[in-house]
file input.tsv (TSV, N, CA and C atoms)
chain	number	residue	atom	x	y	z
A	246	GLN	N	0.84	-1.18	0.00
A	246	GLN	CA	0.00	0.00	0.00
A	246	GLN	C	0.88	1.24	0.00
A	247	VAL	N	0.56	2.17	-0.87
A	247	VAL	CA	1.33	3.39	-0.99
A	247	VAL	C	0.91	4.36	0.10
A	248	GLN	N	1.88	4.95	0.76
A	248	GLN	CA	1.61	5.99	1.75
A	248	GLN	C	2.50	7.19	1.48
A	249	LEU	N	1.89	8.36	1.55
A	249	LEU	CA	2.62	9.61	1.41
A	249	LEU	C	2.47	10.39	2.71
A	250	VAL	N	3.58	10.85	3.24
A	250	VAL	CA	3.55	11.57	4.51
A	250	VAL	C	4.27	12.91	4.34
A	251	GLU	N	3.51	13.97	4.54
A	251	GLU	CA	4.08	15.31	4.44
A	251	GLU	C	4.61	15.77	5.80
A	252	SER	N	5.62	16.61	5.75
A	252	SER	CA	6.17	17.21	6.97
A	252	SER	C	6.76	18.56	6.62
A	253	GLY	N	7.00	19.36	7.65
A	253	GLY	CA	7.65	20.64	7.46
A	253	GLY	C	6.76	21.85	7.61
A	254	GLY	N	5.45	21.62	7.71
A	254	GLY	CA	4.55	22.75	7.89
A	254	GLY	C	4.77	23.41	9.24
A	255	ASP	N	4.51	24.72	9.28
A	255	ASP	CA	4.75	25.46	10.53
A	255	ASP	C	4.10	26.83	10.43
A	256	LEU	N	4.21	27.57	11.50
A	256	LEU	CA	3.80	28.97	11.55
A	256	LEU	C	5.04	29.82	11.29
A	257	VAL	N	4.94	30.71	10.31
A	257	VAL	CA	6.08	31.53	9.94
A	257	VAL	C	5.60	32.94	9.63
A	258	GLN	N	6.47	33.90	9.81
A	258	GLN	CA	6.12	35.27	9.49
A	258	GLN	C	6.24	35.52	7.99
A	259	ALA	N	5.50	36.48	7.52
A	259	ALA	CA	5.58	36.85	6.11
A	259	ALA	C	7.03	37.20	5.76
A	260	GLY	N	7.45	36.74	4.58
A	260	GLY	CA	8.82	36.93	4.16
A	260	GLY	C	9.75	35.80	4.52
A	261	GLY	N	9.26	34.90	5.36
A	261	GLY	CA	10.07	33.78	5.80
A	261	GLY	C	10.07	32.63	4.82
A	262	SER	N	10.71	31.53	5.24
A	262	SER	CA	10.86	30.36	4.37
A	262	SER	C	10.47	29.09	5.12
A	263	LEU	N	10.02	28.12	4.36
A	263	LEU	CA	9.77	26.78	4.87
A	263	LEU	C	10.15	25.78	3.79
A	264	ARG	N	10.47	24.58	4.24
A	264	ARG	CA	10.73	23.49	3.31
A	264	ARG	C	9.83	22.33	3.68
A	265	LEU	N	8.95	21.97	2.76
A	265	LEU	CA	8.07	20.83	2.95
A	265	LEU	C	8.70	19.59	2.32
A	266	THR	N	8.46	18.46	2.95
A	266	THR	CA	8.96	17.20	2.42
A	266	THR	C	7.83	16.18	2.38
A	267	CYS	N	7.80	15.41	1.33
A	267	CYS	CA	6.85	14.31	1.18
A	267	CYS	C	7.66	13.02	1.11
A	268	ALA	N	7.43	12.14	2.05
A	268	ALA	CA	8.10	10.85	2.06
A	268	ALA	C	7.13	9.78	1.61
A	269	ALA	N	7.58	8.95	0.69
A	269	ALA	CA	6.70	7.91	0.13
A	269	ALA	C	7.17	6.53	0.52
A	270	SER	N	6.21	5.66	0.73
A	270	SER	CA	6.55	4.27	0.97
A	270	SER	C	6.88	3.61	-0.36
A	271	GLY	N	7.72	2.60	-0.31
A	271	GLY	CA	8.10	1.94	-1.54
A	271	GLY	C	8.90	2.86	-2.43
A	272	ASN	N	8.89	2.64	-3.71
A	272	ASN	CA	9.67	3.45	-4.63
A	272	ASN	C	8.78	4.18	-5.63
A	273	ILE	N	7.57	4.53	-5.20
A	273	ILE	CA	6.62	5.13	-6.13
A	273	ILE	C	7.12	6.44	-6.70
A	274	ILE	N	7.89	7.17	-5.90
A	274	ILE	CA	8.36	8.46	-6.37
A	274	ILE	C	9.24	8.31	-7.60
A	275	SER	N	9.89	7.19	-7.73
A	275	SER	CA	10.83	7.02	-8.84
A	275	SER	C	10.13	6.90	-10.19
A	276	PHE	N	8.81	6.62	-10.21
A	276	PHE	CA	8.14	6.49	-11.50
A	276	PHE	C	6.83	7.25	-11.59
A	277	ALA	N	6.44	7.96	-10.54
A	277	ALA	CA	5.19	8.71	-10.58
A	277	ALA	C	5.43	10.18	-10.88
A	278	ASP	N	4.44	10.82	-11.49
A	278	ASP	CA	4.43	12.27	-11.55
A	278	ASP	C	3.98	12.77	-10.18
A	279	MET	N	4.70	13.73	-9.63
A	279	MET	CA	4.45	14.18	-8.26
A	279	MET	C	4.00	15.63	-8.25
A	280	GLY	N	3.35	16.01	-7.17
A	280	GLY	CA	2.93	17.39	-7.08
A	280	GLY	C	2.58	17.82	-5.68
A	281	TRP	N	2.60	19.12	-5.48
A	281	TRP	CA	2.13	19.74	-4.23
A	281	TRP	C	0.86	20.52	-4.55
A	282	TYR	N	-0.11	20.35	-3.70
A	282	TYR	CA	-1.37	21.05	-3.82
A	282	TYR	C	-1.67	21.68	-2.47
A	283	ARG	N	-2.55	22.67	-2.47
A	283	ARG	CA	-2.91	23.30	-1.20
A	283	ARG	C	-4.39	23.66	-1.17
A	284	GLN	N	-4.90	23.72	0.04
A	284	GLN	CA	-6.30	24.09	0.22
A	284	GLN	C	-6.42	25.02	1.41
A	285	ALA	N	-6.89	26.21	1.13
A	285	ALA	CA	-7.12	27.20	2.18
A	285	ALA	C	-8.56	27.08	2.66
A	286	PRO	N	-8.86	27.54	3.86
A	286	PRO	CA	-10.22	27.45	4.38
A	286	PRO	C	-11.23	28.12	3.44
A	287	GLY	N	-12.28	27.39	3.13
A	287	GLY	CA	-13.33	27.93	2.28
A	287	GLY	C	-13.00	27.97	0.80
A	288	LYS	N	-11.85	27.42	0.43
A	288	LYS	CA	-11.45	27.44	-0.98
A	288	LYS	C	-11.23	26.02	-1.49
A	289	GLU	N	-11.23	25.87	-2.80
A	289	GLU	CA	-10.97	24.57	-3.41
A	289	GLU	C	-9.46	24.28	-3.39
A	290	ARG	N	-9.17	23.00	-3.45
A	290	ARG	CA	-7.77	22.59	-3.53
A	290	ARG	C	-7.20	23.05	-4.86
A	291	GLU	N	-5.97	23.57	-4.83
A	291	GLU	CA	-5.35	24.07	-6.04
A	291	GLU	C	-3.94	23.53	-6.19
A	292	MET	N	-3.51	23.44	-7.44
A	292	MET	CA	-2.15	23.01	-7.73
A	292	MET	C	-1.17	24.10	-7.35
A	293	VAL	N	-0.09	23.71	-6.70
A	293	VAL	CA	0.98	24.63	-6.36
A	293	VAL	C	2.17	24.41	-7.30
A	294	ALA	N	2.62	23.17	-7.39
A	294	ALA	CA	3.76	22.83	-8.23
A	294	ALA	C	3.73	21.35	-8.53
A	295	THR	N	4.18	21.00	-9.73
A	295	THR	CA	4.26	19.59	-10.11
A	295	THR	C	5.63	19.31	-10.72
A	296	ILE	N	6.00	18.05	-10.62
A	296	ILE	CA	7.26	17.60	-11.24
A	296	ILE	C	7.02	16.22	-11.82
A	297	THR	N	7.30	16.07	-13.10
A	297	THR	CA	7.03	14.81	-13.77
A	297	THR	C	8.11	13.78	-13.45
A	298	TYR	N	7.84	12.58	-13.89
A	298	TYR	CA	8.83	11.51	-13.74
A	298	TYR	C	10.14	11.91	-14.38
A	299	GLY	N	10.04	12.63	-15.48
A	299	GLY	CA	11.25	13.05	-16.19
A	299	GLY	C	11.91	14.29	-15.63
A	300	GLY	N	11.26	14.92	-14.65
A	300	GLY	CA	11.87	16.07	-14.01
A	300	GLY	C	11.36	17.42	-14.48
A	301	SER	N	10.39	17.44	-15.38
A	301	SER	CA	9.83	18.71	-15.82
A	301	SER	C	8.95	19.29	-14.73
A	302	THR	N	9.07	20.59	-14.53
A	302	THR	CA	8.33	21.25	-13.45
A	302	THR	C	7.31	22.24	-13.98
A	303	ASN	N	6.30	22.47	-13.16
A	303	ASN	CA	5.26	23.44	-13.49
A	303	ASN	C	4.83	24.10	-12.19
A	304	TYR	N	4.58	25.40	-12.23
A	304	TYR	CA	4.22	26.14	-11.02
A	304	TYR	C	2.97	26.98	-11.24
A	305	ALA	N	2.22	27.14	-10.19
A	305	ALA	CA	1.13	28.10	-10.22
A	305	ALA	C	1.72	29.50	-10.35
A	306	ASN	N	1.05	30.36	-11.05
A	306	ASN	CA	1.57	31.72	-11.23
A	306	ASN	C	1.82	32.41	-9.90
A	307	SER	N	1.01	32.10	-8.91
A	307	SER	CA	1.12	32.78	-7.63
A	307	SER	C	2.39	32.44	-6.86
A	308	VAL	N	3.06	31.35	-7.24
A	308	VAL	CA	4.26	30.93	-6.50
A	308	VAL	C	5.52	30.95	-7.35
A	309	LYS	N	5.38	31.26	-8.63
A	309	LYS	CA	6.56	31.30	-9.50
A	309	LYS	C	7.60	32.28	-8.98
A	310	GLY	N	8.84	31.82	-8.96
A	310	GLY	CA	9.92	32.67	-8.48
A	310	GLY	C	10.12	32.61	-6.97
A	311	ARG	N	9.17	31.99	-6.27
A	311	ARG	CA	9.29	31.90	-4.81
A	311	ARG	C	9.42	30.46	-4.32
A	312	PHE	N	8.80	29.53	-5.02
A	312	PHE	CA	8.80	28.11	-4.61
A	312	PHE	C	9.61	27.29	-5.61
A	313	ILE	N	10.25	26.25	-5.11
A	313	ILE	CA	10.97	25.32	-5.95
A	313	ILE	C	10.62	23.89	-5.54
A	314	ILE	N	10.17	23.11	-6.52
A	314	ILE	CA	9.84	21.70	-6.27
A	314	ILE	C	11.02	20.84	-6.72
A	315	SER	N	11.27	19.77	-5.97
A	315	SER	CA	12.35	18.86	-6.34
A	315	SER	C	11.99	17.46	-5.87
A	316	ARG	N	12.70	16.49	-6.41
A	316	ARG	CA	12.44	15.10	-6.04
A	316	ARG	C	13.76	14.36	-5.91
A	317	ASP	N	13.78	13.37	-5.05
A	317	ASP	CA	14.94	12.50	-4.87
A	317	ASP	C	14.45	11.07	-5.03
A	318	ASN	N	14.70	10.51	-6.21
A	318	ASN	CA	14.19	9.18	-6.50
A	318	ASN	C	14.90	8.09	-5.71
A	319	VAL	N	16.06	8.39	-5.18
A	319	VAL	CA	16.78	7.40	-4.38
A	319	VAL	C	16.23	7.38	-2.95
A	320	GLN	N	16.00	8.57	-2.39
A	320	GLN	CA	15.48	8.68	-1.03
A	320	GLN	C	13.97	8.54	-0.98
A	321	ASN	N	13.32	8.49	-2.15
A	321	ASN	CA	11.86	8.42	-2.22
A	321	ASN	C	11.20	9.60	-1.53
A	322	THR	N	11.70	10.79	-1.81
A	322	THR	CA	11.14	12.00	-1.22
A	322	THR	C	10.93	13.06	-2.29
A	323	MET	N	10.04	13.97	-1.97
A	323	MET	CA	9.80	15.14	-2.81
A	323	MET	C	9.77	16.34	-1.86
A	324	SER	N	10.28	17.45	-2.32
A	324	SER	CA	10.35	18.62	-1.45
A	324	SER	C	9.77	19.85	-2.14
A	325	LEU	N	9.40	20.80	-1.32
A	325	LEU	CA	8.95	22.09	-1.82
A	325	LEU	C	9.64	23.16	-0.97
A	326	GLN	N	10.58	23.86	-1.57
A	326	GLN	CA	11.23	24.97	-0.90
A	326	GLN	C	10.39	26.22	-1.14
A	327	MET	N	9.95	26.83	-0.05
A	327	MET	CA	9.06	27.98	-0.14
A	327	MET	C	9.76	29.18	0.47
A	328	ASP	N	10.01	30.17	-0.33
A	328	ASP	CA	10.66	31.40	0.13
A	328	ASP	C	9.72	32.59	-0.05
A	329	THR	N	10.05	33.65	0.62
A	329	THR	CA	9.26	34.89	0.55
A	329	THR	C	7.78	34.57	0.74
A	330	LEU	N	7.49	33.88	1.79
A	330	LEU	CA	6.11	33.46	2.04
A	330	LEU	C	5.21	34.66	2.31
A	331	LYS	N	3.96	34.51	1.88
A	331	LYS	CA	2.95	35.55	2.03
A	331	LYS	C	1.78	35.00	2.84
A	332	PRO	N	1.01	35.88	3.48
A	332	PRO	CA	-0.17	35.38	4.22
A	332	PRO	C	-1.11	34.57	3.34
A	333	GLU	N	-1.20	34.90	2.07
A	333	GLU	CA	-2.09	34.15	1.18
A	333	GLU	C	-1.57	32.76	0.85
A	334	ASP	N	-0.38	32.42	1.29
A	334	ASP	CA	0.13	31.05	1.14
A	334	ASP	C	-0.39	30.14	2.26
A	335	THR	N	-1.07	30.70	3.22
A	335	THR	CA	-1.60	29.91	4.32
A	335	THR	C	-2.60	28.88	3.80
A	336	ALA	N	-2.35	27.62	4.12
A	336	ALA	CA	-3.20	26.53	3.64
A	336	ALA	C	-2.67	25.21	4.19
A	337	VAL	N	-3.45	24.18	3.97
A	337	VAL	CA	-2.94	22.82	4.17
A	337	VAL	C	-2.33	22.38	2.85
A	338	TYR	N	-1.10	21.90	2.92
A	338	TYR	CA	-0.37	21.49	1.73
A	338	TYR	C	-0.37	19.96	1.63
A	339	TYR	N	-0.73	19.48	0.46
A	339	TYR	CA	-0.84	18.05	0.22
A	339	TYR	C	0.14	17.59	-0.85
A	340	CYS	N	0.63	16.40	-0.64
A	340	CYS	CA	1.51	15.73	-1.60
A	340	CYS	C	0.66	14.77	-2.43
A	341	LYS	N	0.94	14.71	-3.72
A	341	LYS	CA	0.20	13.82	-4.61
A	341	LYS	C	1.17	13.04	-5.48
A	342	ALA	N	0.88	11.77	-5.64
A	342	ALA	CA	1.64	10.92	-6.58
A	342	ALA	C	0.66	10.38	-7.60
A	343	ALA	N	0.89	10.68	-8.85
A	343	ALA	CA	-0.01	10.27	-9.93
A	343	ALA	C	0.63	9.16	-10.75
A	344	THR	N	-0.05	8.03	-10.78
A	344	THR	CA	0.39	6.92	-11.62
A	344	THR	C	-0.66	6.66	-12.68
A	345	THR	N	-0.39	5.73	-13.55
A	345	THR	CA	-1.36	5.42	-14.60
A	345	THR	C	-2.60	4.73	-14.05
A	346	TRP	N	-2.50	4.16	-12.85
A	346	TRP	CA	-3.64	3.43	-12.32
A	346	TRP	C	-4.33	4.10	-11.15
A	347	HIS	N	-3.69	5.10	-10.54
A	347	HIS	CA	-4.29	5.69	-9.34
A	347	HIS	C	-3.55	6.97	-8.95
A	348	ASP	N	-4.30	7.88	-8.31
A	348	ASP	CA	-3.70	9.05	-7.68
A	348	ASP	C	-3.66	8.83	-6.18
A	349	TYR	N	-2.50	9.06	-5.60
A	349	TYR	CA	-2.33	8.89	-4.15
A	349	TYR	C	-2.12	10.26	-3.51
A	350	TRP	N	-2.71	10.44	-2.34
A	350	TRP	CA	-2.61	11.70	-1.61
A	350	TRP	C	-2.12	11.46	-0.19
A	351	GLY	N	-1.36	12.43	0.31
A	351	GLY	CA	-1.01	12.44	1.72
A	351	GLY	C	-2.11	13.11	2.51
A	352	ARG	N	-1.92	13.18	3.82
A	352	ARG	CA	-2.93	13.78	4.69
A	352	ARG	C	-2.75	15.28	4.87
A	353	GLY	N	-1.63	15.80	4.43
A	353	GLY	CA	-1.43	17.23	4.46
A	353	GLY	C	-0.61	17.73	5.65
A	354	THR	N	-0.06	18.92	5.46
A	354	THR	CA	0.68	19.60	6.53
A	354	THR	C	0.29	21.07	6.50
A	355	GLN	N	0.07	21.64	7.67
A	355	GLN	CA	-0.44	23.00	7.76
A	355	GLN	C	0.69	24.02	7.65
A	356	VAL	N	0.49	24.97	6.77
A	356	VAL	CA	1.40	26.12	6.66
A	356	VAL	C	0.60	27.37	6.99
A	357	THR	N	1.08	28.12	7.96
A	357	THR	CA	0.42	29.36	8.34
A	357	THR	C	1.43	30.50	8.28
A	358	VAL	N	1.08	31.52	7.52
A	358	VAL	CA	1.97	32.67	7.35
A	358	VAL	C	1.30	33.88	7.98
A	359	SER	N	1.92	34.43	8.98
A	359	SER	CA	1.36	35.59	9.68
A	359	SER	C	1.88	36.88	9.06
A	360	SER	N	1.02	37.89	9.10
A	360	SER	CA	1.41	39.18	8.49
A	360	SER	C	2.12	40.06	9.49

call {"tool": "encode", "arguments": {"input": "input.tsv", "output": "structure tokens"}}
result
Amino acid sequence: QVQLVESGGDLVQAGGSLRLTCAASGNIISFADMGWYRQAPGKEREMVATITYGGSTNYANSVKGRFIISRDNVQNTMSLQMDTLKPEDTAVYYCKAATTWHDYWGRGTQVTVSS
């Protein structure tokens, strides 16, 4: 059974940085397209950043230039470096692994940015 576990969420002041990590069971990260998504209270879940199996990345316009997604296929982890955080980045951040047969989600980690 595939499990994704996010960590690194915290309370931080605006302008600060956080690094989120998604740890996967097994070696799913080595062949899945991965991504970070977030959901703020009262809003729909939205894509933050994705990274394909081949390493191609895509970012939401709101985080371009501030966030960097990366993956380590040996350690079976994916990370999201978040810099210059803004209050509007406050949300629960979820890790997703997309395979041809199923999408897997973690339970999320809370990021709160105070102004």

call {"tool": "residues_around", "arguments": {"input": "input.tsv", "residues": "A:Val319", "least_positions_apart": "6", "cutoff": "8 Å", "atoms": "only N, CA and C atoms", "output": "PyMOL selection string"}}
result
chain A and resi 272+274-275

call {"tool": "write_last_selection", "arguments": {"input": "input.tsv", "atoms": "N, CA and C atoms", "output": "PDB file, keeping the file's coordinate frame"}}
result
ATOM      1  N   ASN A 272       8.890   2.640  -3.710  1.00  0.00           N
ATOM      2  CA  ASN A 272       9.670   3.450  -4.630  1.00  0.00           C
ATOM      3  C   ASN A 272       8.780   4.180  -5.630  1.00  0.00           C
ATOM      4  N   ILE A 274       7.890   7.170  -5.900  1.00  0.00           N
ATOM      5  CA  ILE A 274       8.360   8.460  -6.370  1.00  0.00           C
ATOM      6  C   ILE A 274       9.240   8.310  -7.600  1.00  0.00           C
ATOM      7  N   SER A 275       9.890   7.190  -7.730  1.00  0.00           N
ATOM      8  CA  SER A 275      10.830   7.020  -8.840  1.00  0.00           C
ATOM      9  C   SER A 275      10.130   6.900 -10.190  1.00  0.00           C
TER      10      SER A 275
END

call {"tool": "residues_around", "arguments": {"input": "input.tsv", "residues": "stretch 322-327 of chain A", "least_positions_apart": "6", "cutoff": "6 Å", "atoms": "only C-alpha atoms", "output": "list in words"}}
result
Ser262, Leu263, Arg264, Leu265, Thr266, Cys267, Ala268, Phe312, Ile313, Ile314, Ser315 and Arg316 of chain A

call {"tool": "closest_residue", "arguments": {"input": "input.tsv", "among": "A:Thr297, A:Asn306, A:Leu256, A:Lys341", "to": "A:Thr357", "atoms": "only N, CA and C atoms"}}
result
A:Leu256

call {"tool": "residues_around", "arguments": {"input": "input.tsv", "residues": "A:Leu249", "least_positions_apart": "4", "cutoff": "8 Å", "atoms": "only C-alpha atoms", "output": "ChimeraX atom specification"}}
result
/A:267-270,340-341,349-352

call {"tool": "write_last_selection", "arguments": {"input": "input.tsv", "atoms": "N, CA and C atoms", "output": "PDB file, keeping the file's coordinate frame"}}
result
ATOM      1  N   CYS A 267       7.800  15.410   1.330  1.00  0.00           N
ATOM      2  CA  CYS A 267       6.850  14.310   1.180  1.00  0.00           C
ATOM      3  C   CYS A 267       7.660  13.020   1.110  1.00  0.00           C
ATOM      4  N   ALA A 268       7.430  12.140   2.050  1.00  0.00           N
ATOM      5  CA  ALA A 268       8.100  10.850   2.060  1.00  0.00           C
ATOM      6  C   ALA A 268       7.130   9.780   1.610  1.00  0.00           C
ATOM      7  N   ALA A 269       7.580   8.950   0.690  1.00  0.00           N
ATOM      8  CA  ALA A 269       6.700   7.910   0.130  1.00  0.00           C
ATOM      9  C   ALA A 269       7.170   6.530   0.520  1.00  0.00           C
ATOM     10  N   SER A 270       6.210   5.660   0.730  1.00  0.00           N
ATOM     11  CA  SER A 270       6.550   4.270   0.970  1.00  0.00           C
ATOM     12  C   SER A 270       6.880   3.610  -0.360  1.00  0.00           C
ATOM     13  N   CYS A 340       0.630  16.400  -0.640  1.00  0.00           N
ATOM     14  CA  CYS A 340       1.510  15.730  -1.600  1.00  0.00           C
ATOM     15  C   CYS A 340       0.660  14.770  -2.430  1.00  0.00           C
ATOM     16  N   LYS A 341       0.940  14.710  -3.720  1.00  0.00           N
ATOM     17  CA  LYS A 341       0.200  13.820  -4.610  1.00  0.00           C
ATOM     18  C   LYS A 341       1.170  13.040  -5.480  1.00  0.00           C
ATOM     19  N   TYR A 349      -2.500   9.060  -5.600  1.00  0.00           N
ATOM     20  CA  TYR A 349      -2.330   8.890  -4.150  1.00  0.00           C
ATOM     21  C   TYR A 349      -2.120  10.260  -3.510  1.00  0.00           C
ATOM     22  N   TRP A 350      -2.710  10.440  -2.340  1.00  0.00           N
ATOM     23  CA  TRP A 350      -2.610  11.700  -1.610  1.00  0.00           C
ATOM     24  C   TRP A 350      -2.120  11.460  -0.190  1.00  0.00           C
ATOM     25  N   GLY A 351      -1.360  12.430   0.310  1.00  0.00           N
ATOM     26  CA  GLY A 351      -1.010  12.440   1.720  1.00  0.00           C
ATOM     27  C   GLY A 351      -2.110  13.110   2.510  1.00  0.00           C
ATOM     28  N   ARG A 352      -1.920  13.180   3.820  1.00  0.00           N
ATOM     29  CA  ARG A 352      -2.930  13.780   4.690  1.00  0.00           C
ATOM     30  C   ARG A 352      -2.750  15.280   4.870  1.00  0.00           C
TER      31      ARG A 352
END

call {"tool": "closest_residue", "arguments": {"input": "input.tsv", "among": "A:Thr329, A:Val337, A:Ala294, A:His347", "to": "A:Gln246", "atoms": "only C-alpha atoms"}}
result
A:His347

call {"tool": "atom_distance", "arguments": {"input": "input.tsv", "atom1": "atom CA of A:Trp281", "atom2": "atom CA of A:Asp348"}}
result
12.7 Å

call {"tool": "residues_around", "arguments": {"input": "input.tsv", "residues": "A:Gly300", "least_positions_apart": "4", "cutoff": "8 Å", "atoms": "all atoms listed in the file", "output": "short mmCIF file (atom, residue, chain, number, x, y, z; two decimals) with N, CA and C atoms, in the coordinates of the input"}}
result
data_model
loop_
_atom_site.label_atom_id
_atom_site.label_comp_id
_atom_site.auth_asym_id
_atom_site.auth_seq_id
_atom_site.Cartn_x
_atom_site.Cartn_y
_atom_site.Cartn_z
N ASP A 278 4.44 10.82 -11.49
CA ASP A 278 4.43 12.27 -11.55
C ASP A 278 3.98 12.77 -10.18
N THR A 295 4.18 21.00 -9.73
CA THR A 295 4.26 19.59 -10.11
C THR A 295 5.63 19.31 -10.72
N ILE A 296 6.00 18.05 -10.62
CA ILE A 296 7.26 17.60 -11.24
C ILE A 296 7.02 16.22 -11.82
N ARG A 316 12.70 16.49 -6.41
CA ARG A 316 12.44 15.10 -6.04
C ARG A 316 13.76 14.36 -5.91
#

call {"tool": "decode", "arguments": {"input": "input.tsv", "residues": "stretch 340-357 of chain A", "atoms": "N, CA, C and O atoms", "output": "short mmCIF file (atom, residue, chain, number, x, y, z; two decimals), in the first residue's frame"}}
result
data_model
loop_
_atom_site.label_atom_id
_atom_site.label_comp_id
_atom_site.auth_asym_id
_atom_site.auth_seq_id
_atom_site.Cartn_x
_atom_site.Cartn_y
_atom_site.Cartn_z
N CYS A 340 0.63 16.40 -0.64
CA CYS A 340 1.51 15.73 -1.60
C CYS A 340 0.66 14.77 -2.43
O CYS A 340 -0.22 14.09 -1.90
N LYS A 341 0.94 14.71 -3.72
CA LYS A 341 0.20 13.82 -4.61
C LYS A 341 1.17 13.04 -5.48
O LYS A 341 2.15 13.60 -5.99
N ALA A 342 0.88 11.77 -5.64
CA ALA A 342 1.64 10.92 -6.58
C ALA A 342 0.66 10.38 -7.60
O ALA A 342 -0.32 9.72 -7.23
N ALA A 343 0.89 10.68 -8.85
CA ALA A 343 -0.01 10.27 -9.93
C ALA A 343 0.63 9.16 -10.75
O ALA A 343 1.71 9.35 -11.32
N THR A 344 -0.05 8.03 -10.78
CA THR A 344 0.39 6.92 -11.62
C THR A 344 -0.66 6.66 -12.68
O THR A 344 -1.73 7.27 -12.68
N THR A 345 -0.39 5.73 -13.55
CA THR A 345 -1.36 5.42 -14.60
C THR A 345 -2.60 4.73 -14.05
O THR A 345 -3.64 4.70 -14.70
N TRP A 346 -2.50 4.16 -12.85
CA TRP A 346 -3.64 3.43 -12.32
C TRP A 346 -4.33 4.10 -11.15
O TRP A 346 -5.44 3.75 -10.81
N HIS A 347 -3.69 5.10 -10.54
CA HIS A 347 -4.29 5.69 -9.34
C HIS A 347 -3.55 6.97 -8.95
O HIS A 347 -2.35 7.10 -9.21
N ASP A 348 -4.30 7.88 -8.31
CA ASP A 348 -3.70 9.05 -7.68
C ASP A 348 -3.66 8.83 -6.18
O ASP A 348 -4.67 8.47 -5.57
N TYR A 349 -2.50 9.06 -5.60
CA TYR A 349 -2.33 8.89 -4.15
C TYR A 349 -2.12 10.26 -3.51
O TYR A 349 -1.43 11.12 -4.07
N TRP A 350 -2.71 10.44 -2.34
CA TRP A 350 -2.61 11.70 -1.61
C TRP A 350 -2.12 11.46 -0.19
O TRP A 350 -2.45 10.45 0.44
N GLY A 351 -1.36 12.43 0.31
CA GLY A 351 -1.01 12.44 1.72
C GLY A 351 -2.11 13.11 2.51
O GLY A 351 -3.11 13.59 1.95
N ARG A 352 -1.92 13.18 3.82
CA ARG A 352 -2.93 13.78 4.69
C ARG A 352 -2.75 15.28 4.87
O ARG A 352 -3.62 15.94 5.42
N GLY A 353 -1.63 15.80 4.43
CA GLY A 353 -1.43 17.23 4.46
C GLY A 353 -0.61 17.73 5.65
O GLY A 353 -0.50 17.06 6.68
N THR A 354 -0.06 18.92 5.46
CA THR A 354 0.68 19.60 6.53
C THR A 354 0.29 21.07 6.50
O THR A 354 0.18 21.66 5.43
N GLN A 355 0.07 21.64 7.67
CA GLN A 355 -0.44 23.00 7.76
C GLN A 355 0.69 24.02 7.65
O GLN A 355 1.69 23.93 8.38
N VAL A 356 0.49 24.97 6.77
CA VAL A 356 1.40 26.12 6.66
C VAL A 356 0.60 27.37 6.99
O VAL A 356 -0.44 27.62 6.38
N THR A 357 1.08 28.12 7.96
CA THR A 357 0.42 29.36 8.34
C THR A 357 1.43 30.50 8.28
O THR A 357 2.50 30.41 8.88
#
